[in-house]
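Working notes, structure below.
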Amino acid sequence: MSNPAILRKIKALASIKIIQVSCGDFHSLALSEDSQVFSWGKNSEGQLGLGINTPKQAIPERVRSLEGIPVAQVAAGGAHSFALGLSGTCFGWGSNKSGQLALTRKKFNVQSYKPVSVGALKTLDVTYISCGHEHTAVLTQDGRVFTFGDNGFGQLGYESSIHVREPKHVERLDGPVSQIDCGSYHTLAYVYTTGQVVAFGRGPSCTSNPTQPETPRDICDMTCLISAEDLEDTQVKHIFAGMYADFVTTQKGAKSRGVSKKTLPKISQIKESLLKKWIAVTIGSDEYYLAKSEIAVIFSSPACLTGSFLKKRVNGKNTSIDVDLKRAGNNFKKLTQIEWISSMINTCLEERLLKALPSHSPHQEALLIFLLLPECPVMNDTKNSRSLVISFAKAICEMSQQSLQVLKQCWKSLQASSLNTLVQMLKTAVYGHYYTIKPLLETLREVHEVNKVTCQLPESTFYIDGFLHFFDFWGECHKMILRDENLEEGMPCIFYDFPFIFDLPCRMQLLQMYSRMKVLKSEEMTYPTQGQASVFKLMVRRPHIVEDTLRQLSQAEVSDLLKPLLVGFINEIRPETGVISEFFHCIFEEMTNPKYGLFMYPDNGPYMWFPTNPKFKKKEYYLFGILCGLSLLHFNAANLPFPLALYKKLLGRKPSLEDLKELSPVVGKNLQVILSQKMDDTDAMVYFSIYWDENTADLVTNGKSIPVNQTNKKEYVSKYVDYIFNDSMKTIYEEFHRGFYKLCDWKTVQFFRPEELKTAIIGNTDYDWKQFEMNSVYTSGYDKSHPTIRLFWVAFHKLSLAEKKKFLLFLTGNDRLSVRNLSVTRIVFRCPTTFSENDSLRSLTCHNILDLPQYSTMKRMRKALQVAINNFRGFVSPETEPQ
């Protein structure tokens, strides 16, 4: 007589709360309250899910491939295993020789050594799984049963080949089912609407040898083991199938055909009732310590936290994001308002959950935790950025490419508000840790790539505010040059690697410094001991401003042009920086004037373009390009009425029909009509030729004889657009392009978008005059409540837009705002003691100073403003200071 079985405690699981256990032929599975899956036993077919290098495992080991997944159930078969996620996703591993995993890819024909998501079951809304020796049965939310795997004894419930590798509906069941269970070679099902327990396959009643038959045969057909009539005063509670015996438990009561399901213990989750209980507990009470224990379990486990906010499963509906982020955010907010709970959540995240993030999981269910965490207020607290957010970002940076792609797909499905929450969390952490920001910026870059596809957030969302004030631009430029010259391989350059975090003023600052530093380094190599002038001076006569400027630009070295600019107006003012805006305003105003003739204005419209037959030599366009680059490098806003097409060309992008509509609405509209209407050769009046800028040209060889029809009209429009933006002005544009990039380095300009480059060059005319007033500063006895100041603002706000722009020109030397001055342009008011009410307004443009006499009447104030805006040319010597 053999020794009786001895029960032994499994020491490896002694400190872990296990809520489910399932046993196969030679292996076992266990599920803990925090959703960890353990396996042990034989692993010859991969049934433990621990990989190919583990033939057997005597001590329970975590199935790491399932980490982070909220698991609802584990099921062990002969030599295969399943885990059912709370979201309804099924994961199978182990033997697949008979198709018992429902994995049809060739690589899984025999077995899988790690859990794999079973795509064939994803849309079935599976709620329960049971495994036999080499077959599997699943129960769906609507009461259907699907089976797959070995069918040698009819255990799948339908006639088929011996091996079925895809789930197939068991149609012969007489009604919806609420419970299933598999024996080794048979299956049980409880049809709750009829009260029947049905069996199919080779069950305990069959006495034949269980050796697998060579061909499918109907050994034990579908039979009713128990009917409603057999249970007069009871109903079925649970059904159990074994190899040699089946069991049914019942419960007393009136005959009922209500739904009776197997209730399995669940992993820990935040429920509404639990939330209310935590918030209401008294510190120090028994309930308080129980609440702390419950919070610790959930907020230490990525799976439990994710499982707490999974969306309710709806038959036949799949959502791209399975977690309810709005509900999660609301619950997190309620919890973190309680100080002791907030502190505990912070500790759990820092010490456990963030260290357990499933960075290498390929499963979406596991990666949902990365969507949930940004919704938690403690993650957005600047005090926690180093301990929490940087760890969060590092986990994303450590992801495999496969895992990262899955996460990015999730990000693509986020609403704009949730994506913005993620971005702001990362940016908040950047503000406090300027020298450990690489993981944060790398994560931001991945989010930015997603946003480029979805366009959920404006580009400005990713800008790091304040970079202009704390960032080491000079040091960054030095790194950029070293990397350009391959002197420091792998040299980290924030601008090169993360250009999207820099706003337009920062990009312009980098452009200026980078261009100047390259010249300085070149000079050091060429003239190591020779002293160089530190500025570039332009002296011009106002009536001959173009002639004087172009002569001096053509004679200057590039290294001189990249130095800080000083401008002097002969017989008016000595060279200084304060008149640069006035200088650029005057020269661009003259050179872009239609009467000057450097550019043509299609349809006499507001935009200019390069002429087909220029009357100036190409050198003039080269110098104009230098002038534009010089203006940009000095942060000047220039009135250059080019369409967006120019900035596209400067960045190597191709202008489109939409750009032509901007330059010439008449031509653009006509071409659009051609694309829209149906064309026929017989009535075509359009040929492959073009009339542009008083010139006729063929778009193709012998184009005047080739009519435009339905088949070639797209080619015609494309060549038309190409001619205007490329062929018609190729030579002079190339000179302009060469001049512009003589000063502005391509390596930094390339990171601008066309719209940004346009704004950088021409500034902004979206004036906020109320903000202009609020920005202003009052000195020398003035304050905002002074009677004269009140008179000034009343009179100013009554001016027309054109008059206000003229006043801006009088004050600053420019009638538009540069990018750097959009929000800070202001008036610095002074009250000169030597001025009387008869004196006029005086401006010092270098400092935006307005010397304002103490006018006592509105009539005098209006007259003074009119004098100022109508006489804004020329300068008063800045040496004349008020007493």
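How things are named: the first chain in the structure tokens is A, the next is B, and so on; residues count from 1 in each chain; ligands count from 1 in the order shown.
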Name all residues at most 9 Å from segment 458-470 of chain A (count only C-alpha atoms; drop same-chain ones fewer than 3 positions away) and give them as a PyMOL selection string. chain A and resi 420+423-424+427+430-431+444+448+451-452+455+473+500-503+505-506+509
Show which residues sit within 10 Å of segment 117-124 of chain A, as a ChimeraX atom specification. Count only C-alpha atoms, and ignore same-chain residues fewer than 6 positions away. /A:82-85,87-93,101-104,138-142,144-146,165-167,315-318,362-364
Which residue is closest to Ser130 of chain A? Choose from A:His186, A:His360, A:Arg862, A:Lys106 and count only C-alpha atoms. A:His186
Just asking: which residues within segment 96-309 of chain A are strand (DSSP E or B) according to DSSP, as a PDB file with C-alpha atoms, in the first residue's frame?
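Just written: states-v7.pdb:
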ATOM      1  CA  GLN A 111       4.402  25.397 -29.126  1.00  0.00           C
ATOM      2  CA  SER A 112       5.016  28.812 -27.634  1.00  0.00           C
ATOM      3  CA  TYR A 113       7.436  29.167 -24.743  1.00  0.00           C
ATOM      4  CA  LYS A 114       6.024  32.552 -23.708  1.00  0.00           C
ATOM      5  CA  PRO A 115       2.480  33.978 -23.443  1.00  0.00           C
ATOM      6  CA  VAL A 116       1.102  35.227 -26.747  1.00  0.00           C
ATOM      7  CA  SER A 117      -2.026  37.318 -27.258  1.00  0.00           C
ATOM      8  CA  VAL A 126     -14.368  35.840 -23.641  1.00  0.00           C
ATOM      9  CA  THR A 127     -15.327  35.666 -19.943  1.00  0.00           C
ATOM     10  CA  TYR A 128     -14.057  32.186 -18.994  1.00  0.00           C
ATOM     11  CA  ILE A 129     -11.496  29.658 -20.263  1.00  0.00           C
ATOM     12  CA  SER A 130     -11.170  25.954 -19.547  1.00  0.00           C
ATOM     13  CA  CYS A 131      -8.434  23.625 -20.782  1.00  0.00           C
ATOM     14  CA  HIS A 135      -8.264  21.072 -26.302  1.00  0.00           C
ATOM     15  CA  THR A 136      -9.632  24.372 -25.026  1.00  0.00           C
ATOM     16  CA  ALA A 137     -13.122  25.802 -24.541  1.00  0.00           C
ATOM     17  CA  VAL A 138     -14.029  29.452 -24.016  1.00  0.00           C
ATOM     18  CA  LEU A 139     -17.274  31.039 -22.869  1.00  0.00           C
ATOM     19  CA  THR A 140     -18.341  34.441 -24.179  1.00  0.00           C
ATOM     20  CA  VAL A 145     -19.182  28.428 -26.433  1.00  0.00           C
ATOM     21  CA  PHE A 146     -16.178  28.181 -28.759  1.00  0.00           C
ATOM     22  CA  THR A 147     -13.774  25.246 -28.816  1.00  0.00           C
ATOM     23  CA  PHE A 148     -10.499  24.397 -30.560  1.00  0.00           C
ATOM     24  CA  GLY A 149      -7.657  21.902 -30.413  1.00  0.00           C
ATOM     25  CA  ASP A 150      -7.905  18.085 -30.402  1.00  0.00           C
ATOM     26  CA  HIS A 163      -7.161  19.141 -35.011  1.00  0.00           C
ATOM     27  CA  VAL A 164      -9.004  22.468 -35.104  1.00  0.00           C
ATOM     28  CA  ARG A 165      -6.648  25.458 -34.944  1.00  0.00           C
ATOM     29  CA  GLU A 166      -9.202  28.266 -34.846  1.00  0.00           C
ATOM     30  CA  PRO A 167     -12.101  28.875 -32.444  1.00  0.00           C
ATOM     31  CA  LYS A 168     -15.368  27.402 -33.719  1.00  0.00           C
ATOM     32  CA  HIS A 169     -18.821  27.988 -32.313  1.00  0.00           C
ATOM     33  CA  VAL A 177     -24.459  28.816 -21.588  1.00  0.00           C
ATOM     34  CA  SER A 178     -23.315  30.258 -18.239  1.00  0.00           C
ATOM     35  CA  GLN A 179     -20.647  27.695 -17.247  1.00  0.00           C
ATOM     36  CA  ILE A 180     -18.138  25.425 -18.989  1.00  0.00           C
ATOM     37  CA  ASP A 181     -15.462  23.020 -17.792  1.00  0.00           C
ATOM     38  CA  CYS A 182     -13.102  20.683 -19.610  1.00  0.00           C
ATOM     39  CA  HIS A 186     -14.520  15.869 -22.845  1.00  0.00           C
ATOM     40  CA  THR A 187     -16.306  19.152 -22.174  1.00  0.00           C
ATOM     41  CA  LEU A 188     -19.200  20.117 -19.900  1.00  0.00           C
ATOM     42  CA  ALA A 189     -21.571  23.024 -20.453  1.00  0.00           C
ATOM     43  CA  TYR A 190     -24.427  24.361 -18.349  1.00  0.00           C
ATOM     44  CA  VAL A 191     -27.283  25.700 -20.483  1.00  0.00           C
ATOM     45  CA  GLN A 196     -29.329  21.207 -18.577  1.00  0.00           C
ATOM     46  CA  VAL A 197     -25.747  20.091 -17.947  1.00  0.00           C
ATOM     47  CA  VAL A 198     -24.494  18.870 -21.324  1.00  0.00           C
ATOM     48  CA  ALA A 199     -21.382  16.775 -22.054  1.00  0.00           C
ATOM     49  CA  PHE A 200     -19.574  15.954 -25.267  1.00  0.00           C
ATOM     50  CA  GLY A 201     -16.395  13.953 -25.934  1.00  0.00           C
ATOM     51  CA  THR A 223     -25.526  14.080 -24.123  1.00  0.00           C
ATOM     52  CA  CYS A 224     -27.580  15.654 -21.361  1.00  0.00           C
ATOM     53  CA  LEU A 225     -26.113  14.573 -18.014  1.00  0.00           C
ATOM     54  CA  ILE A 226     -28.572  16.509 -15.873  1.00  0.00           C
ATOM     55  CA  THR A 234     -32.545  22.716  -6.472  1.00  0.00           C
ATOM     56  CA  GLN A 235     -30.548  24.411  -9.206  1.00  0.00           C
ATOM     57  CA  VAL A 236     -27.032  24.006 -10.542  1.00  0.00           C
ATOM     58  CA  LYS A 237     -24.425  26.110  -8.760  1.00  0.00           C
ATOM     59  CA  HIS A 238     -21.099  24.931 -10.248  1.00  0.00           C
ATOM     60  CA  ILE A 239     -19.948  22.231 -12.668  1.00  0.00           C
ATOM     61  CA  PHE A 240     -16.573  20.438 -12.581  1.00  0.00           C
ATOM     62  CA  ALA A 241     -15.041  18.083 -15.139  1.00  0.00           C
ATOM     63  CA  ASP A 246     -17.572  14.966 -13.147  1.00  0.00           C
ATOM     64  CA  PHE A 247     -19.148  16.885 -10.291  1.00  0.00           C
ATOM     65  CA  VAL A 248     -22.074  19.266 -10.057  1.00  0.00           C
ATOM     66  CA  THR A 249     -22.802  21.313  -6.972  1.00  0.00           C
ATOM     67  CA  THR A 250     -26.301  22.559  -6.413  1.00  0.00           C
ATOM     68  CA  GLN A 251     -28.084  25.043  -4.247  1.00  0.00           C
ATOM     69  CA  LYS A 252     -31.511  24.664  -2.682  1.00  0.00           C
TER      70      LYS A 252
END
With a distance cut-off of 8 Å and only C-alpha atoms, select the neighbouring residues of Glu365 of chain A, excluding the residue or stretch itself and same-chain residues fewer than 6 positions from it, and output the selection as a PyMOL selection string. chain A and resi 68-70+87+322
Could you save the residues just selected, with C-alpha atoms, as a PDB file, in the first residue's frame?
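Saved file out-v6.pdb follows:
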ATOM      1  CA  GLY A  68       1.472  44.625 -15.830  1.00  0.00           C
ATOM      2  CA  ILE A  69      -1.545  42.817 -17.289  1.00  0.00           C
ATOM      3  CA  PRO A  70      -4.696  42.806 -15.116  1.00  0.00           C
ATOM      4  CA  SER A  87     -10.068  43.460 -20.739  1.00  0.00           C
ATOM      5  CA  ASP A 322      -9.395  50.309 -22.794  1.00  0.00           C
TER       6      ASP A 322
END
Could you name the residues that touch Asn870 of chain A at 10 Å or less, counting only C-alpha atoms, but leaving out those on the same chain fewer than 3 positions away, as an mmCIF file with C-alpha atoms, in the first residue's frame?
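Okay, result.cif is ready:
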data_model
loop_
_atom_site.group_PDB
_atom_site.id
_atom_site.type_symbol
_atom_site.label_atom_id
_atom_site.label_comp_id
_atom_site.auth_asym_id
_atom_site.auth_seq_id
_atom_site.Cartn_x
_atom_site.Cartn_y
_atom_site.Cartn_z
ATOM 1 C CA GLU A 803 -2.069 105.840 -37.171
ATOM 2 C CA LYS A 806 2.873 105.088 -37.509
ATOM 3 C CA PHE A 807 3.207 105.923 -33.824
ATOM 4 C CA PHE A 810 7.922 106.882 -34.388
ATOM 5 C CA LEU A 865 0.234 112.689 -31.523
ATOM 6 C CA GLN A 866 -0.617 113.815 -35.043
ATOM 7 C CA VAL A 867 2.664 115.709 -35.322
ATOM 8 C CA ARG A 873 11.517 110.322 -40.169
#
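Close contacts of Gly763 of chain A, defined as residues with an atom at most 8 Å away when counting only C-alpha atoms, with chain neighbours fewer than 2 positions off set aside, comprise Asn636, Ala637, Ala638, Lys758, Thr759, Ala760, Ile761, Thr765, Arg816, Leu817, Ser818 and Val819 of chain A.
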Writing out the chosen residues with all heavy atoms as a PDB file, in the first residue's frame:
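Now in selection_39.pdb:
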ATOM      1  N   ASN A 636      15.313  91.746 -36.462  1.00  0.00           N
ATOM      2  CA  ASN A 636      14.512  92.847 -36.980  1.00  0.00           C
ATOM      3  C   ASN A 636      13.290  92.300 -37.712  1.00  0.00           C
ATOM      4  O   ASN A 636      13.364  91.301 -38.429  1.00  0.00           O
ATOM      5  CB  ASN A 636      15.338  93.688 -37.950  1.00  0.00           C
ATOM      6  CG  ASN A 636      14.534  94.819 -38.552  1.00  0.00           C
ATOM      7  OD1 ASN A 636      14.195  95.780 -37.862  1.00  0.00           O
ATOM      8  ND2 ASN A 636      14.205  94.709 -39.833  1.00  0.00           N
ATOM      9  N   ALA A 637      12.170  92.945 -37.534  1.00  0.00           N
ATOM     10  CA  ALA A 637      10.954  92.569 -38.262  1.00  0.00           C
ATOM     11  C   ALA A 637      10.854  93.441 -39.506  1.00  0.00           C
ATOM     12  O   ALA A 637      10.705  94.666 -39.414  1.00  0.00           O
ATOM     13  CB  ALA A 637       9.727  92.762 -37.381  1.00  0.00           C
ATOM     14  N   ALA A 638      10.973  92.812 -40.670  1.00  0.00           N
ATOM     15  CA  ALA A 638      11.015  93.555 -41.927  1.00  0.00           C
ATOM     16  C   ALA A 638       9.727  93.373 -42.710  1.00  0.00           C
ATOM     17  O   ALA A 638       9.172  92.266 -42.774  1.00  0.00           O
ATOM     18  CB  ALA A 638      12.199  93.084 -42.764  1.00  0.00           C
ATOM     19  N   LYS A 758       8.853  82.622 -41.821  1.00  0.00           N
ATOM     20  CA  LYS A 758       8.191  83.842 -42.286  1.00  0.00           C
ATOM     21  C   LYS A 758       7.981  84.816 -41.124  1.00  0.00           C
ATOM     22  O   LYS A 758       8.293  86.013 -41.224  1.00  0.00           O
ATOM     23  CB  LYS A 758       6.849  83.497 -42.932  1.00  0.00           C
ATOM     24  CG  LYS A 758       6.089  84.713 -43.450  1.00  0.00           C
ATOM     25  CD  LYS A 758       4.796  84.310 -44.139  1.00  0.00           C
ATOM     26  CE  LYS A 758       4.067  85.537 -44.675  1.00  0.00           C
ATOM     27  NZ  LYS A 758       2.810  85.179 -45.374  1.00  0.00           N
ATOM     28  N   THR A 759       7.473  84.292 -40.015  1.00  0.00           N
ATOM     29  CA  THR A 759       7.244  85.142 -38.844  1.00  0.00           C
ATOM     30  C   THR A 759       8.547  85.701 -38.303  1.00  0.00           C
ATOM     31  O   THR A 759       8.619  86.860 -37.884  1.00  0.00           O
ATOM     32  CB  THR A 759       6.525  84.343 -37.742  1.00  0.00           C
ATOM     33  OG1 THR A 759       5.286  83.842 -38.252  1.00  0.00           O
ATOM     34  CG2 THR A 759       6.248  85.203 -36.526  1.00  0.00           C
ATOM     35  N   ALA A 760       9.605  84.864 -38.323  1.00  0.00           N
ATOM     36  CA  ALA A 760      10.906  85.317 -37.828  1.00  0.00           C
ATOM     37  C   ALA A 760      11.429  86.491 -38.650  1.00  0.00           C
ATOM     38  O   ALA A 760      12.042  87.417 -38.109  1.00  0.00           O
ATOM     39  CB  ALA A 760      11.908  84.164 -37.860  1.00  0.00           C
ATOM     40  N   ILE A 761      11.176  86.463 -39.954  1.00  0.00           N
ATOM     41  CA  ILE A 761      11.718  87.498 -40.850  1.00  0.00           C
ATOM     42  C   ILE A 761      10.849  88.746 -40.897  1.00  0.00           C
ATOM     43  O   ILE A 761      11.362  89.868 -40.846  1.00  0.00           O
ATOM     44  CB  ILE A 761      11.912  86.915 -42.270  1.00  0.00           C
ATOM     45  CG1 ILE A 761      13.064  85.890 -42.257  1.00  0.00           C
ATOM     46  CG2 ILE A 761      12.207  88.022 -43.276  1.00  0.00           C
ATOM     47  CD1 ILE A 761      13.282  85.182 -43.573  1.00  0.00           C
ATOM     48  N   THR A 765       2.036  91.471 -37.022  1.00  0.00           N
ATOM     49  CA  THR A 765       1.187  92.672 -37.058  1.00  0.00           C
ATOM     50  C   THR A 765      -0.131  92.435 -36.327  1.00  0.00           C
ATOM     51  O   THR A 765      -1.090  93.171 -36.517  1.00  0.00           O
ATOM     52  CB  THR A 765       0.898  93.085 -38.521  1.00  0.00           C
ATOM     53  OG1 THR A 765       0.357  91.965 -39.234  1.00  0.00           O
ATOM     54  CG2 THR A 765       2.158  93.564 -39.204  1.00  0.00           C
ATOM     55  N   ARG A 816       6.177  97.203 -37.051  1.00  0.00           N
ATOM     56  CA  ARG A 816       5.757  95.836 -36.750  1.00  0.00           C
ATOM     57  C   ARG A 816       6.609  95.312 -35.604  1.00  0.00           C
ATOM     58  O   ARG A 816       7.662  95.859 -35.288  1.00  0.00           O
ATOM     59  CB  ARG A 816       5.859  94.937 -37.980  1.00  0.00           C
ATOM     60  CG  ARG A 816       7.189  94.967 -38.676  1.00  0.00           C
ATOM     61  CD  ARG A 816       7.137  94.209 -39.987  1.00  0.00           C
ATOM     62  NE  ARG A 816       6.045  94.665 -40.836  1.00  0.00           N
ATOM     63  CZ  ARG A 816       5.212  93.837 -41.463  1.00  0.00           C
ATOM     64  NH1 ARG A 816       5.361  92.529 -41.364  1.00  0.00           N
ATOM     65  NH2 ARG A 816       4.235  94.303 -42.213  1.00  0.00           N
ATOM     66  N   LEU A 817       6.155  94.245 -35.000  1.00  0.00           N
ATOM     67  CA  LEU A 817       6.816  93.712 -33.815  1.00  0.00           C
ATOM     68  C   LEU A 817       7.630  92.486 -34.180  1.00  0.00           C
ATOM     69  O   LEU A 817       7.148  91.588 -34.866  1.00  0.00           O
ATOM     70  CB  LEU A 817       5.774  93.329 -32.757  1.00  0.00           C
ATOM     71  CG  LEU A 817       4.795  94.437 -32.358  1.00  0.00           C
ATOM     72  CD1 LEU A 817       3.772  93.890 -31.375  1.00  0.00           C
ATOM     73  CD2 LEU A 817       5.526  95.615 -31.739  1.00  0.00           C
ATOM     74  N   SER A 818       8.855  92.440 -33.706  1.00  0.00           N
ATOM     75  CA  SER A 818       9.658  91.243 -33.923  1.00  0.00           C
ATOM     76  C   SER A 818       9.171  90.138 -32.999  1.00  0.00           C
ATOM     77  O   SER A 818       8.481  90.391 -32.004  1.00  0.00           O
ATOM     78  CB  SER A 818      11.139  91.528 -33.666  1.00  0.00           C
ATOM     79  OG  SER A 818      11.376  91.647 -32.279  1.00  0.00           O
ATOM     80  N   VAL A 819       9.542  88.911 -33.319  1.00  0.00           N
ATOM     81  CA  VAL A 819       9.105  87.772 -32.524  1.00  0.00           C
ATOM     82  C   VAL A 819       9.518  87.932 -31.074  1.00  0.00           C
ATOM     83  O   VAL A 819       8.771  87.605 -30.155  1.00  0.00           O
ATOM     84  CB  VAL A 819       9.695  86.465 -33.103  1.00  0.00           C
ATOM     85  CG1 VAL A 819       9.450  85.298 -32.166  1.00  0.00           C
ATOM     86  CG2 VAL A 819       9.084  86.185 -34.467  1.00  0.00           C
TER      87      VAL A 819
END
So which residues touch segment 327-335 of chain A within 10 Å, counting only C-alpha atoms, skipping near sequence neighbours fewer than 3 positions away, as number ranges by chain? A: 270-272, 275-276, 278-279, 305-306, 308-311, 323-324, 338-342, 345, 372-378, 418
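Counting only C-alpha atoms, segment 569-584 of chain A has the following residues at most 6 Å away, ignoring those fewer than 3 positions along the same chain: Met539, Val540, Arg541, Leu566, Ile587, Phe588, Gly813, Asn814, Thr845 and Cys846 of chain A.
From atom CA of Leu671 of chain A back to atom CA of Pro707 of chain A, the distance works out to 14.5 Å.
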